[in-house]
file work-v4.cif (mmCIF, C-alpha atoms)
data_input
#
loop_
_atom_site.label_atom_id
_atom_site.label_comp_id
_atom_site.auth_asym_id
_atom_site.auth_seq_id
_atom_site.Cartn_x
_atom_site.Cartn_y
_atom_site.Cartn_z
CA MET K 1 18.52 -54.50 50.66
CA LEU K 2 15.88 -53.40 53.15
CA GLN K 3 17.12 -51.53 56.18
CA ILE K 4 15.61 -50.10 59.34
CA HIS K 5 16.80 -46.71 60.54
CA LEU K 6 16.17 -45.55 64.11
CA ARG K 7 15.60 -41.84 64.59
CA SER K 8 15.26 -42.00 68.41
CA THR K 9 18.59 -43.74 68.97
CA VAL K 10 19.19 -42.37 72.50
CA LEU K 11 15.74 -43.47 73.67
CA LEU K 12 16.30 -46.90 72.16
CA GLN K 13 19.67 -47.41 73.86
CA LEU K 14 18.22 -46.49 77.25
CA ALA K 15 15.22 -48.73 76.75
CA LEU K 16 17.04 -51.86 75.61
CA ILE K 17 19.76 -52.07 78.29
CA PRO K 18 19.25 -54.87 80.83
CA LEU K 19 17.34 -53.96 83.92
CA THR K 20 19.94 -54.06 86.66
CA VAL K 21 17.25 -53.59 89.25
CA ALA K 22 13.83 -54.31 87.79
CA TRP K 23 12.26 -54.72 91.21
CA ALA K 24 13.39 -56.00 94.61
CA PRO K 25 14.41 -59.67 94.31
CA ILE K 26 11.84 -62.05 95.75
CA ALA K 27 12.74 -64.62 98.36
CA SER K 28 14.99 -67.25 96.85
CA SER K 29 13.55 -70.72 96.58
CA GLN K 30 14.67 -73.92 94.97
CA SER K 31 11.85 -73.75 92.35
CA ALA K 32 12.44 -70.16 91.13
CA GLN K 33 14.54 -69.80 87.94
CA ARG K 34 16.94 -66.87 87.79
CA VAL K 35 16.40 -64.61 84.72
CA SER K 36 17.33 -61.18 83.39
CA VAL K 37 14.87 -58.81 81.75
CA ILE K 38 14.78 -55.77 79.46
CA ARG K 39 12.13 -53.22 78.59
CA PRO K 40 10.87 -52.72 75.02
CA GLY K 41 12.05 -49.53 73.44
CA ARG K 42 10.23 -46.99 71.30
CA ALA K 43 11.73 -45.48 68.20
CA ASP K 44 10.79 -43.79 64.97
CA LEU K 45 11.58 -46.41 62.33
CA ILE K 46 12.27 -45.76 58.68
CA GLU K 47 12.13 -48.64 56.24
CA SER K 48 14.39 -48.07 53.28
CA VAL K 49 16.09 -49.93 50.49
CA SER K 50 19.83 -49.54 49.94
CA LEU K 51 21.16 -49.53 46.40
CA VAL K 52 24.33 -48.65 44.54
CA GLY K 53 23.75 -45.98 41.93
CA THR K 54 25.78 -45.00 38.90
CA LEU K 55 26.10 -41.39 37.75
CA GLU K 56 25.33 -40.81 34.10
CA PRO K 57 25.24 -37.59 32.06
CA THR K 58 21.95 -36.07 31.03
CA ALA K 59 23.06 -36.30 27.41
CA SER K 60 26.10 -37.71 25.67
CA ALA K 61 27.14 -38.16 22.06
CA ASP K 62 29.94 -39.65 20.06
CA VAL K 63 30.95 -37.09 17.44
CA VAL K 64 31.30 -38.77 14.04
CA PRO K 65 31.68 -37.13 10.61
CA ARG K 66 28.92 -37.34 8.03
CA VAL K 67 31.41 -37.28 5.16
CA THR K 68 34.35 -39.46 4.22
CA GLY K 69 37.79 -37.87 4.08
CA TYR K 70 40.80 -37.09 6.23
CA LEU K 71 40.77 -35.45 9.63
CA GLY K 72 42.30 -32.07 8.95
CA SER K 73 42.27 -30.58 12.46
CA VAL K 74 40.90 -31.11 15.95
CA SER K 75 40.23 -27.89 17.85
CA VAL K 76 39.51 -29.33 21.31
CA ASP K 77 40.93 -31.84 23.72
CA VAL K 78 39.79 -33.92 26.66
CA GLY K 79 38.39 -31.78 29.48
CA ASP K 80 37.59 -28.76 27.32
CA ARG K 81 34.17 -27.20 27.78
CA VAL K 82 32.36 -26.33 24.57
CA ARG K 83 29.09 -24.65 23.61
CA ARG K 84 26.54 -25.08 20.85
CA GLY K 85 27.98 -24.24 17.44
CA ASP K 86 31.65 -24.41 18.49
CA ILE K 87 33.78 -26.02 15.79
CA LEU K 88 35.32 -29.18 17.23
CA ALA K 89 37.13 -30.64 14.22
CA GLN K 90 37.52 -30.23 10.45
CA VAL K 91 37.41 -32.97 7.83
CA ASP K 92 39.21 -32.49 4.50
CA ALA K 93 37.16 -33.96 1.61
CA PRO K 94 38.70 -32.95 -1.79
CA ASP K 95 36.11 -34.97 -3.71
CA LEU K 96 33.32 -32.94 -2.18
CA THR K 97 35.09 -29.66 -2.95
CA ALA K 98 35.43 -30.66 -6.59
CA ALA K 99 31.83 -31.82 -6.72
CA LEU K 100 30.71 -28.47 -5.34
CA SER K 101 32.65 -26.60 -8.06
CA ARG K 102 31.04 -28.75 -10.75
CA ALA K 103 27.56 -28.30 -9.30
CA GLU K 104 27.94 -24.52 -9.07
CA ALA K 105 29.24 -24.35 -12.67
CA GLN K 106 26.28 -26.41 -13.84
CA SER K 107 23.95 -24.09 -11.97
CA ARG K 108 25.45 -21.05 -13.69
CA ALA K 109 25.16 -22.75 -17.09
CA THR K 110 21.50 -23.53 -16.60
CA GLU K 111 20.86 -19.95 -15.48
CA ALA K 112 22.36 -18.76 -18.79
CA GLY K 113 20.00 -21.14 -20.57
CA VAL K 114 17.10 -19.52 -18.80
CA SER K 115 18.19 -16.09 -20.05
CA GLN K 116 18.32 -17.37 -23.62
CA ALA K 117 14.93 -19.00 -23.31
CA GLN K 118 13.44 -15.83 -21.88
CA ALA K 119 14.89 -13.82 -24.79
CA GLY K 120 13.33 -16.26 -27.26
CA LEU K 121 10.02 -15.95 -25.45
CA ALA K 122 10.20 -12.17 -25.69
CA ASP K 123 10.85 -12.40 -29.48
CA ALA K 124 7.96 -14.82 -29.90
CA LYS K 125 5.62 -12.53 -27.99
CA ALA K 126 6.73 -9.59 -30.14
CA ALA K 127 6.05 -11.60 -33.30
CA ARG K 128 2.67 -12.63 -31.94
CA ASP K 129 1.79 -9.02 -31.17
CA GLU K 130 2.93 -7.98 -34.67
CA GLY K 131 0.80 -10.71 -36.20
CA THR K 132 -2.19 -9.61 -34.16
CA ALA K 133 -1.63 -6.05 -35.37
CA ASP K 134 -1.39 -7.25 -39.02
CA VAL K 135 -4.71 -9.03 -38.66
CA SER K 136 -6.29 -5.86 -37.30
CA VAL K 137 -4.86 -3.80 -40.21
CA ALA K 138 -6.03 -6.37 -42.78
CA ARG K 139 -9.50 -6.35 -41.31
CA ALA K 140 -9.57 -2.55 -41.49
CA ILE K 141 -8.48 -2.66 -45.13
CA LEU K 142 -11.14 -5.28 -45.88
CA SER K 143 -13.76 -3.03 -44.34
CA SER K 144 -12.57 -0.14 -46.49
CA ARG K 145 -12.63 -2.30 -49.59
CA HIS K 146 -16.17 -3.36 -48.81
CA HIS K 147 -17.22 0.29 -48.63
CA GLN K 148 -15.47 1.04 -51.92
CA ALA K 149 -17.15 -1.94 -53.57
CA GLU K 150 -20.55 -0.83 -52.30
CA MET K 151 -19.96 2.72 -53.64
CA ALA K 152 -18.82 1.30 -56.97
CA ALA K 153 -21.97 -0.83 -57.18
CA ILE K 154 -24.13 2.19 -56.39
CA LEU K 155 -22.39 4.31 -59.03
CA GLU K 156 -22.72 1.47 -61.50
CA GLY K 157 -26.45 1.31 -60.84
CA VAL K 158 -26.87 5.05 -61.18
CA GLN K 159 -24.91 5.09 -64.42
CA GLU K 160 -26.86 2.15 -65.77
CA LYS K 161 -30.15 4.01 -65.16
CA GLU K 162 -28.68 7.11 -66.75
CA THR K 163 -27.63 5.13 -69.82
CA GLN K 164 -31.11 3.58 -70.15
CA ARG K 165 -32.70 7.04 -69.92
CA THR K 166 -30.32 8.41 -72.54
CA ARG K 167 -31.12 5.46 -74.81
CA ARG K 168 -34.86 6.27 -74.56
CA LEU K 169 -34.19 9.93 -75.30
CA VAL K 170 -32.19 8.97 -78.39
CA GLU K 171 -35.09 6.81 -79.54
CA GLN K 172 -37.40 9.80 -79.04
CA GLY K 173 -34.95 12.05 -80.82
CA ALA K 174 -34.39 14.09 -77.72
CA ALA K 175 -30.75 13.08 -77.36
CA THR K 176 -27.92 12.56 -79.75
CA ALA K 177 -26.02 9.39 -80.46
CA GLU K 178 -22.93 11.01 -79.08
CA GLN K 179 -24.65 11.53 -75.77
CA LEU K 180 -25.66 7.85 -75.68
CA GLU K 181 -22.15 6.78 -76.54
CA ALA K 182 -20.74 8.91 -73.73
CA SER K 183 -23.28 7.49 -71.28
CA GLU K 184 -22.47 3.94 -72.29
CA GLY K 185 -18.75 4.72 -71.83
CA ALA K 186 -19.42 6.05 -68.37
CA LEU K 187 -21.38 2.87 -67.57
CA ALA K 188 -18.51 0.71 -68.79
CA SER K 189 -16.15 2.68 -66.53
CA ALA K 190 -18.50 2.25 -63.55
CA GLN K 191 -18.71 -1.48 -64.19
CA ALA K 192 -14.91 -1.72 -64.41
CA ALA K 193 -14.59 0.24 -61.16
CA ARG K 194 -17.07 -2.08 -59.44
CA SER K 195 -15.18 -5.13 -60.70
CA MET K 196 -11.91 -3.66 -59.48
CA ALA K 197 -13.46 -2.91 -56.06
CA ASP K 198 -14.66 -6.51 -55.81
CA SER K 199 -11.15 -7.69 -56.61
CA GLU K 200 -9.75 -5.45 -53.88
CA VAL K 201 -12.21 -7.03 -51.42
CA ASP K 202 -10.98 -10.51 -52.37
CA ILE K 203 -7.38 -9.38 -51.97
CA ALA K 204 -8.15 -7.88 -48.53
CA GLN K 205 -9.81 -11.10 -47.43
CA ALA K 206 -6.76 -13.06 -48.58
CA ARG K 207 -4.53 -10.68 -46.60
CA ILE K 208 -6.64 -11.33 -43.48
CA GLY K 209 -6.18 -15.09 -43.86
CA ALA K 210 -2.43 -14.69 -44.26
CA ALA K 211 -2.24 -12.33 -41.27
CA GLU K 212 -4.29 -14.70 -39.12
CA ALA K 213 -2.03 -17.63 -40.12
CA ARG K 214 1.04 -15.62 -39.20
CA ALA K 215 -0.55 -14.63 -35.87
CA ALA K 216 -1.45 -18.27 -35.10
CA ALA K 217 2.11 -19.33 -35.87
CA ALA K 218 3.43 -16.56 -33.64
CA SER K 219 1.13 -17.67 -30.80
CA ALA K 220 2.36 -21.23 -31.18
CA SER K 221 5.91 -19.93 -31.02
CA VAL K 222 5.05 -18.13 -27.78
CA THR K 223 3.68 -21.36 -26.29
CA SER K 224 6.76 -23.25 -27.38
CA ALA K 225 9.04 -20.54 -26.02
CA GLN K 226 7.17 -20.58 -22.70
CA VAL K 227 7.68 -24.33 -22.50
CA GLY K 228 11.36 -23.75 -23.11
CA VAL K 229 11.50 -21.14 -20.35
CA ASP K 230 9.74 -23.47 -17.92
CA ALA K 231 12.07 -26.32 -18.83
CA ALA K 232 15.10 -24.09 -18.39
CA GLY K 233 13.73 -22.93 -15.02
CA ALA K 234 13.29 -26.54 -13.92
CA LEU K 235 16.86 -27.27 -14.91
CA VAL K 236 17.99 -24.26 -12.89
CA GLU K 237 16.08 -25.43 -9.83
CA ALA K 238 17.52 -28.92 -10.18
CA ALA K 239 21.02 -27.55 -10.58
CA ARG K 240 20.62 -25.25 -7.60
CA ALA K 241 19.25 -28.09 -5.49
CA ALA K 242 22.18 -30.28 -6.49
CA ALA K 243 24.61 -27.49 -5.62
CA ALA K 244 22.85 -26.87 -2.31
CA GLU K 245 23.06 -30.57 -1.48
CA VAL K 246 26.77 -30.68 -2.17
CA ARG K 247 27.20 -27.40 -0.27
CA THR K 248 25.42 -28.95 2.71
CA ARG K 249 27.68 -31.98 2.57
CA VAL K 250 30.69 -29.70 2.44
CA GLY K 251 29.30 -28.02 5.57
CA PHE K 252 29.34 -31.42 7.26
CA CYS K 253 33.12 -31.26 7.03
CA GLN K 254 32.92 -29.08 10.13
CA LEU K 255 32.08 -31.04 13.28
CA VAL K 256 30.24 -28.74 15.69
CA CYS K 257 28.95 -29.05 19.25
CA PRO K 258 25.24 -30.03 19.34
CA TYR K 259 24.70 -29.11 23.03
CA ASP K 260 24.19 -25.78 24.75
CA GLU K 261 27.11 -26.74 26.97
CA ALA K 262 29.20 -29.90 27.18
CA VAL K 263 32.59 -31.26 28.16
CA VAL K 264 34.90 -33.28 25.93
CA THR K 265 35.34 -36.62 27.69
CA GLY K 266 37.12 -38.53 24.93
CA ARG K 267 39.38 -37.87 21.93
CA HIS K 268 39.74 -40.91 19.72
CA LEU K 269 41.41 -39.73 16.49
CA HIS K 270 44.07 -37.23 15.51
CA PRO K 271 44.70 -35.07 12.41
CA GLY K 272 45.63 -37.09 9.35
CA ALA K 273 43.45 -40.06 10.21
CA HIS K 274 41.15 -41.38 7.50
CA VAL K 275 37.54 -41.09 8.60
CA LEU K 276 34.44 -42.79 7.22
CA ALA K 277 31.05 -41.16 7.07
CA ASN K 278 28.81 -42.08 10.02
CA GLN K 279 31.39 -44.55 11.34
CA SER K 280 34.61 -43.02 12.61
CA MET K 281 34.37 -41.73 16.19
CA VAL K 282 36.38 -38.54 16.65
CA LEU K 283 35.27 -37.19 20.05
CA THR K 284 32.89 -37.94 22.90
CA LEU K 285 30.83 -35.14 24.46
CA MET K 286 28.78 -35.15 27.65
CA ASP K 287 26.40 -32.62 29.13
CA THR K 288 27.27 -32.85 32.84
CA ARG K 289 25.39 -29.82 34.17
CA VAL K 290 22.72 -32.21 35.45
CA LEU K 291 23.62 -35.81 36.22
CA ARG K 292 21.35 -38.80 36.57
CA VAL K 293 21.84 -41.31 39.35
CA VAL K 294 20.70 -44.59 37.81
CA LEU K 295 19.38 -47.15 40.31
CA PRO K 296 18.65 -50.83 39.58
CA VAL K 297 15.62 -51.57 41.77
CA THR K 298 14.70 -55.19 42.35
CA GLU K 299 11.38 -56.56 41.23
CA GLY K 300 10.00 -56.77 44.77
CA ASP K 301 11.02 -53.24 45.75
CA SER K 302 9.92 -51.72 42.44
CA VAL K 303 6.25 -51.80 43.43
CA ARG K 304 7.01 -49.85 46.61
CA ILE K 305 8.74 -46.85 45.06
CA ALA K 306 7.21 -43.84 43.39
CA VAL K 307 8.34 -40.62 41.75
CA GLY K 308 8.98 -37.98 44.41
CA GLN K 309 10.09 -40.34 47.18
CA ARG K 310 13.01 -39.00 49.20
CA VAL K 311 16.43 -40.55 48.74
CA GLN K 312 19.78 -40.05 50.44
CA LEU K 313 22.94 -40.12 48.36
CA ILE K 314 26.30 -40.93 49.92
CA PHE K 315 29.26 -40.52 47.61
CA ARG K 316 32.52 -42.40 47.74
CA VAL K 317 34.53 -39.29 46.94
CA PRO K 318 36.26 -37.41 49.77
CA GLY K 319 34.94 -33.93 50.25
CA VAL K 320 31.54 -34.57 48.66
CA GLU K 321 28.88 -34.30 51.33
CA PRO K 322 25.81 -36.58 51.38
CA LEU K 323 22.85 -35.18 49.52
CA GLU K 324 19.11 -35.52 49.80
CA ALA K 325 17.01 -35.64 46.65
CA SER K 326 13.90 -37.31 45.29
CA LEU K 327 13.17 -39.90 42.63
CA SER K 328 12.78 -38.14 39.29
CA ARG K 329 11.53 -40.98 37.09
CA ILE K 330 10.91 -44.72 37.15
CA SER K 331 10.90 -47.09 34.20
CA GLY K 332 7.56 -48.70 33.57
CA ALA K 333 8.99 -52.18 32.94
CA LEU K 334 11.66 -54.56 34.18
CA ASP K 335 14.86 -55.08 32.26
CA ARG K 336 14.64 -58.62 30.93
CA SER K 337 18.33 -59.31 31.41
CA THR K 338 18.69 -58.00 34.98
CA ARG K 339 15.09 -58.30 36.19
CA THR K 340 15.35 -54.82 37.70
CA VAL K 341 13.51 -51.55 37.21
CA ARG K 342 15.51 -48.47 36.25
CA ALA K 343 14.94 -45.53 38.59
CA GLU K 344 16.66 -42.17 38.20
CA VAL K 345 17.49 -39.20 40.41
CA ASP K 346 18.42 -35.85 38.84
CA LEU K 347 21.33 -34.00 40.46
CA ASP K 348 22.39 -30.41 39.87
CA ASN K 349 26.07 -30.58 38.99
CA SER K 350 26.63 -26.94 38.11
CA ALA K 351 29.57 -26.91 40.54
CA GLY K 352 31.19 -29.73 38.54
CA SER K 353 32.25 -31.75 41.61
CA LEU K 354 30.68 -34.97 40.34
CA ARG K 355 31.71 -37.05 37.35
CA PRO K 356 29.78 -39.44 35.13
CA GLY K 357 30.66 -43.04 35.97
CA MET K 358 30.96 -42.43 39.72
CA PHE K 359 29.20 -44.76 42.14
CA CYS K 360 27.20 -43.72 45.17
CA ASN K 361 25.26 -45.44 47.91
CA VAL K 362 21.58 -44.61 47.77
CA GLU K 363 18.88 -45.18 50.35
CA ILE K 364 15.27 -44.83 49.26
CA GLU K 365 12.80 -44.22 52.08
CA LEU K 366 9.87 -46.60 51.65
CA ARG K 367 7.86 -45.79 54.79
CA SER K 368 8.24 -44.45 58.34
CA ILE K 369 6.76 -45.78 61.60
CA PRO K 370 6.80 -43.21 64.41
CA GLY K 371 6.95 -44.47 68.03
CA ALA K 372 7.27 -48.14 67.12
CA ILE K 373 7.80 -50.74 69.86
CA VAL K 374 11.13 -52.52 69.25
CA LEU K 375 13.07 -55.38 70.77
CA PRO K 376 16.43 -56.96 70.03
CA GLY K 377 16.03 -59.81 67.60
CA GLY K 378 17.25 -62.34 70.20
CA ALA K 379 14.30 -61.56 72.50
CA VAL K 380 11.79 -62.87 69.96
CA HIS K 381 11.17 -66.61 69.58
CA THR K 382 9.23 -68.87 67.23
CA ARG K 383 7.04 -71.88 67.92
CA SER K 384 4.38 -73.93 66.20
CA GLY K 385 0.89 -72.53 66.70
CA SER K 386 -2.37 -74.35 67.27
CA ASP K 387 -3.01 -74.47 63.54
CA GLY K 388 0.43 -75.86 62.85
CA GLU K 389 1.70 -72.59 61.43
CA PRO K 390 4.72 -70.92 63.07
CA GLU K 391 3.99 -68.03 65.42
CA THR K 392 6.28 -65.61 67.21
CA TYR K 393 6.27 -64.89 70.95
CA VAL K 394 8.31 -63.33 73.75
CA TRP K 395 8.87 -64.30 77.38
CA VAL K 396 7.34 -61.78 79.77
CA ALA K 397 8.01 -61.60 83.53
CA GLN K 398 4.62 -61.21 85.21
CA GLY K 399 4.55 -61.03 89.05
CA GLY K 400 7.29 -63.59 89.61
CA THR K 401 6.24 -66.01 86.85
CA ALA K 402 7.20 -66.41 83.21
CA ALA K 403 4.58 -66.15 80.47
CA GLN K 404 4.72 -66.64 76.74
CA VAL K 405 3.03 -63.74 74.91
CA VAL K 406 2.28 -64.10 71.19
CA VAL K 407 3.35 -61.04 69.21
CA THR K 408 3.03 -59.84 65.63
CA LEU K 409 6.28 -58.65 64.09
CA GLY K 410 6.88 -55.80 61.66
CA LEU K 411 10.21 -54.53 60.43
CA ASP K 412 13.26 -56.66 61.21
CA ASP K 413 16.81 -55.86 60.14
CA GLY K 414 18.42 -58.66 62.13
CA ILE K 415 19.33 -56.36 65.02
CA VAL K 416 16.03 -54.96 66.21
CA THR K 417 12.50 -56.10 65.50
CA GLU K 418 9.32 -54.06 65.42
CA ILE K 419 6.50 -55.42 67.59
CA GLN K 420 3.25 -54.52 65.87
CA GLU K 421 0.82 -56.31 68.16
CA GLY K 422 0.95 -58.14 71.51
CA LEU K 423 2.88 -55.67 73.71
CA SER K 424 2.07 -52.29 75.18
CA GLY K 425 5.73 -51.36 75.64
CA SER K 426 5.78 -51.44 79.45
CA GLU K 427 6.38 -55.19 79.84
CA ALA K 428 9.53 -56.75 81.31
CA ILE K 429 10.87 -59.03 78.58
CA ILE K 430 13.01 -61.97 79.71
CA SER K 431 16.23 -61.81 77.75
CA ALA K 432 18.49 -64.29 79.59
CA GLY K 433 18.07 -67.41 81.72
CA LEU K 434 15.62 -69.02 79.31
CA SER K 435 17.13 -72.50 79.36
CA GLY K 436 14.45 -74.98 80.44
CA LEU K 437 11.99 -72.19 81.18
CA ARG K 438 8.30 -73.16 81.01
CA ASP K 439 5.17 -71.10 80.66
CA GLY K 440 3.95 -70.17 84.16
CA ALA K 441 7.23 -71.16 85.86
CA ALA K 442 8.38 -69.18 88.91
CA ILE K 443 11.27 -66.81 88.17
CA GLU K 444 13.65 -64.59 90.08
CA VAL K 445 14.93 -61.44 88.39
CA VAL K 446 18.60 -60.95 89.21
CA GLU K 447 20.94 -58.00 88.95
CA GLY K 448 23.75 -57.87 86.47
CA ASP K 449 24.40 -58.13 82.77
CA SER K 450 21.91 -60.23 80.87
CA LYS K 451 24.29 -61.26 78.11
#

call {"tool": "encode", "arguments": {"input": "work-v4.cif", "output": "structure tokens"}}
result
Amino acid sequence: MLQIHLRSTVLLQLALIPLTVAWAPIASSQSAQRVSVIRPGRADLIESVSLVGTLEPTASADVVPRVTGYLGSVSVDVGDRVRRGDILAQVDAPDLTAALSRAEAQSRATEAGVSQAQAGLADAKAARDEGTADVSVARAILSSRHHQAEMAAILEGVQEKETQRTRRLVEQGAATAEQLEASEGALASAQAARSMADSEVDIAQARIGAAEARAAAASASVTSAQVGVDAAGALVEAARAAAAEVRTRVGFCQLVCPYDEAVVTGRHLHPGAHVLANQSMVLTLMDTRVLRVVLPVTEGDSVRIAVGQRVQLIFRVPGVEPLEASLSRISGALDRSTRTVRAEVDLDNSAGSLRPGMFCNVEIELRSIPGAIVLPGGAVHTRSGSDGEPETYVWVAQGGTAAQVVVTLGLDDGIVTEIQEGLSGSEAIISAGLSGLRDGAAIEVVEGDSK
């Protein structure tokens, strides 16, 4: 509802009273019509809209459990003030407790499996290292056998040449048959030694193949053992995650305050009650340190308000003085059901004297008009203009005659009306004795009340 507020109330009252003596009465005649006049007043006008606001908390929450069970205890009651992390209630959930024990036991079992797998991996690595060492030893032996075979071949060649030389000497008679026989025996021994050395080389090569096969098998065992360790580690992580999940759910059995500071405004269940996860409402909390005055602004007025505009709040509670504040926020759209825009005013309620749900009368200042010319609503009249449209006018006493003066109106609250154009403010406005009065008619201003 639009309202007009007058700041210069004393000036207005003095200006709008009837003129008891506007000027000396003129000589009475049969044609002069007796009238009473008033002077326009001047006042600082404030156009505002009056609304009824509702106080709401900055934040509120219904406390519900996230697990199913039985309400074991409630630590707070209506009116208690709580802080972030305070335990409000406890839910007993035996199924969750048992599930946590099972999950932790499974986690410990998988950790033991990891230890076993790691031990197997260590054994496989040791076997692989041993196999690698065996290959190195076999290769060293093979190298030695190759040297021995080469020396045996050299000795065989030397002995063969010596035997051939001895055979020629025998043919020449320079050597005996016994000497040739001994040389041939030595050659046979050298050939046997070379043959044995070649066999040792073959054996060493076979040992290398066997050692390499064992080393390859050991390496494969290491790979397999590593896979087992990784699999056991994955099982441990899964078991730990499962235990952590159950542990988190067990933690949900404690209902805690989510706000830095709040007041308990409702207690809906008592210990022993069966509660369902995400359904059963146990408590209601509200943060009342700062309250919001919610205002439903009509569609027409919504385009004339802006964040920061001054508002006056008048509470319906004894002892709470009126407050001045400013608009904190305005919704950017109309509510489809109410066709109003939601506007809000933030109020510091650190003293705690205000309560959510209270009503208050709110006046939002839309604009101010300093020094406006005003008249009582009854002094303004309407007629049809030359174009057929209605126009407003007032009767003005001008030198003993009545004249109709067209005026442009501004603010009008049904009691006083702002005159925007048409008057200077010094005119004598005829307020009584208008019956049968015509434009240009002779008038006589009389003393007395004009009512």

call {"tool": "resolve_selection", "arguments": {"input": "work-v4.cif", "expression": "the PyMOL selection byres ((chain K and resi 369-371) around 8)", "output": "list in words"}}
result
Arg42, Ala43, Asp44, Leu45, Ile46, Arg367, Ser368, Ala372 and Ile373 of chain K

call {"tool": "closest_residue", "arguments": {"input": "work-v4.cif", "among": "K:Glu344, K:Asp95, K:Ser353, K:Val445", "to": "Pro318 (chain K)", "atoms": "all atoms listed in the file"}}
result
K:Ser353

call {"tool": "resolve_selection", "arguments": {"input": "work-v4.cif", "expression": "the PyMOL selection byres ((chain K and resi 80-83) around 10)", "output": "JSON, numbers by chain"}}
result
{"K": [75, 76, 77, 78, 79, 84, 85, 86, 87, 88, 256, 257, 258, 259, 260, 261, 262, 263, 264, 265, 285, 286, 287]}

call {"tool": "write_last_selection", "arguments": {"input": "work-v4.cif", "atoms": "C-alpha atoms", "output": "PDB file, keeping the file's coordinate frame"}}
result
ATOM      1  CA  SER K  75      40.230 -27.890  17.850  1.00  0.00           C
ATOM      2  CA  VAL K  76      39.510 -29.330  21.310  1.00  0.00           C
ATOM      3  CA  ASP K  77      40.930 -31.840  23.720  1.00  0.00           C
ATOM      4  CA  VAL K  78      39.790 -33.920  26.660  1.00  0.00           C
ATOM      5  CA  GLY K  79      38.390 -31.780  29.480  1.00  0.00           C
ATOM      6  CA  ARG K  84      26.540 -25.080  20.850  1.00  0.00           C
ATOM      7  CA  GLY K  85      27.980 -24.240  17.440  1.00  0.00           C
ATOM      8  CA  ASP K  86      31.650 -24.410  18.490  1.00  0.00           C
ATOM      9  CA  ILE K  87      33.780 -26.020  15.790  1.00  0.00           C
ATOM     10  CA  LEU K  88      35.320 -29.180  17.230  1.00  0.00           C
ATOM     11  CA  VAL K 256      30.240 -28.740  15.690  1.00  0.00           C
ATOM     12  CA  CYS K 257      28.950 -29.050  19.250  1.00  0.00           C
ATOM     13  CA  PRO K 258      25.240 -30.030  19.340  1.00  0.00           C
ATOM     14  CA  TYR K 259      24.700 -29.110  23.030  1.00  0.00           C
ATOM     15  CA  ASP K 260      24.190 -25.780  24.750  1.00  0.00           C
ATOM     16  CA  GLU K 261      27.110 -26.740  26.970  1.00  0.00           C
ATOM     17  CA  ALA K 262      29.200 -29.900  27.180  1.00  0.00           C
ATOM     18  CA  VAL K 263      32.590 -31.260  28.160  1.00  0.00           C
ATOM     19  CA  VAL K 264      34.900 -33.280  25.930  1.00  0.00           C
ATOM     20  CA  THR K 265      35.340 -36.620  27.690  1.00  0.00           C
ATOM     21  CA  LEU K 285      30.830 -35.140  24.460  1.00  0.00           C
ATOM     22  CA  MET K 286      28.780 -35.150  27.650  1.00  0.00           C
ATOM     23  CA  ASP K 287      26.400 -32.620  29.130  1.00  0.00           C
TER      24      ASP K 287
END

call {"tool": "residues_around", "arguments": {"input": "work-v4.cif", "residues": "region 333-342 of chain K", "least_positions_apart": "3", "cutoff": "10 Å", "atoms": "only C-alpha atoms", "output": "list in words"}}
result
Val294, Leu295, Pro296, Val297, Thr298, Glu299, Gly300, Asp301, Ser302, Val303, Arg329 and Ile330 of chain K

call {"tool": "resolve_selection", "arguments": {"input": "work-v4.cif", "expression": "the PyMOL selection byres ((chain K and resi 228) around 10)", "output": "PDB file with C-alpha atoms, in the frame of the given file"}}
result
ATOM      1  CA  GLY K 113      20.000 -21.140 -20.570  1.00  0.00           C
ATOM      2  CA  VAL K 114      17.100 -19.520 -18.800  1.00  0.00           C
ATOM      3  CA  GLN K 116      18.320 -17.370 -23.620  1.00  0.00           C
ATOM      4  CA  ALA K 117      14.930 -19.000 -23.310  1.00  0.00           C
ATOM      5  CA  GLN K 118      13.440 -15.830 -21.880  1.00  0.00           C
ATOM      6  CA  GLY K 120      13.330 -16.260 -27.260  1.00  0.00           C
ATOM      7  CA  LEU K 121      10.020 -15.950 -25.450  1.00  0.00           C
ATOM      8  CA  VAL K 222       5.050 -18.130 -27.780  1.00  0.00           C
ATOM      9  CA  THR K 223       3.680 -21.360 -26.290  1.00  0.00           C
ATOM     10  CA  SER K 224       6.760 -23.250 -27.380  1.00  0.00           C
ATOM     11  CA  ALA K 225       9.040 -20.540 -26.020  1.00  0.00           C
ATOM     12  CA  GLN K 226       7.170 -20.580 -22.700  1.00  0.00           C
ATOM     13  CA  VAL K 227       7.680 -24.330 -22.500  1.00  0.00           C
ATOM     14  CA  VAL K 229      11.500 -21.140 -20.350  1.00  0.00           C
ATOM     15  CA  ASP K 230       9.740 -23.470 -17.920  1.00  0.00           C
ATOM     16  CA  ALA K 231      12.070 -26.320 -18.830  1.00  0.00           C
ATOM     17  CA  ALA K 232      15.100 -24.090 -18.390  1.00  0.00           C
ATOM     18  CA  GLY K 233      13.730 -22.930 -15.020  1.00  0.00           C
ATOM     19  CA  ALA K 234      13.290 -26.540 -13.920  1.00  0.00           C
TER      20      ALA K 234
END

call {"tool": "closest_residue", "arguments": {"input": "work-v4.cif", "among": "K:Ala238, K:Val63, K:Val307, K:Met358", "to": "Ala343 (chain K)", "atoms": "all atoms listed in the file"}}
result
K:Val307

call {"tool": "closest_residue", "arguments": {"input": "work-v4.cif", "among": "K:Lys125, K:His381, K:Arg102, K:Arg355", "to": "Ala220 (chain K)", "atoms": "all atoms listed in the file"}}
result
K:Lys125
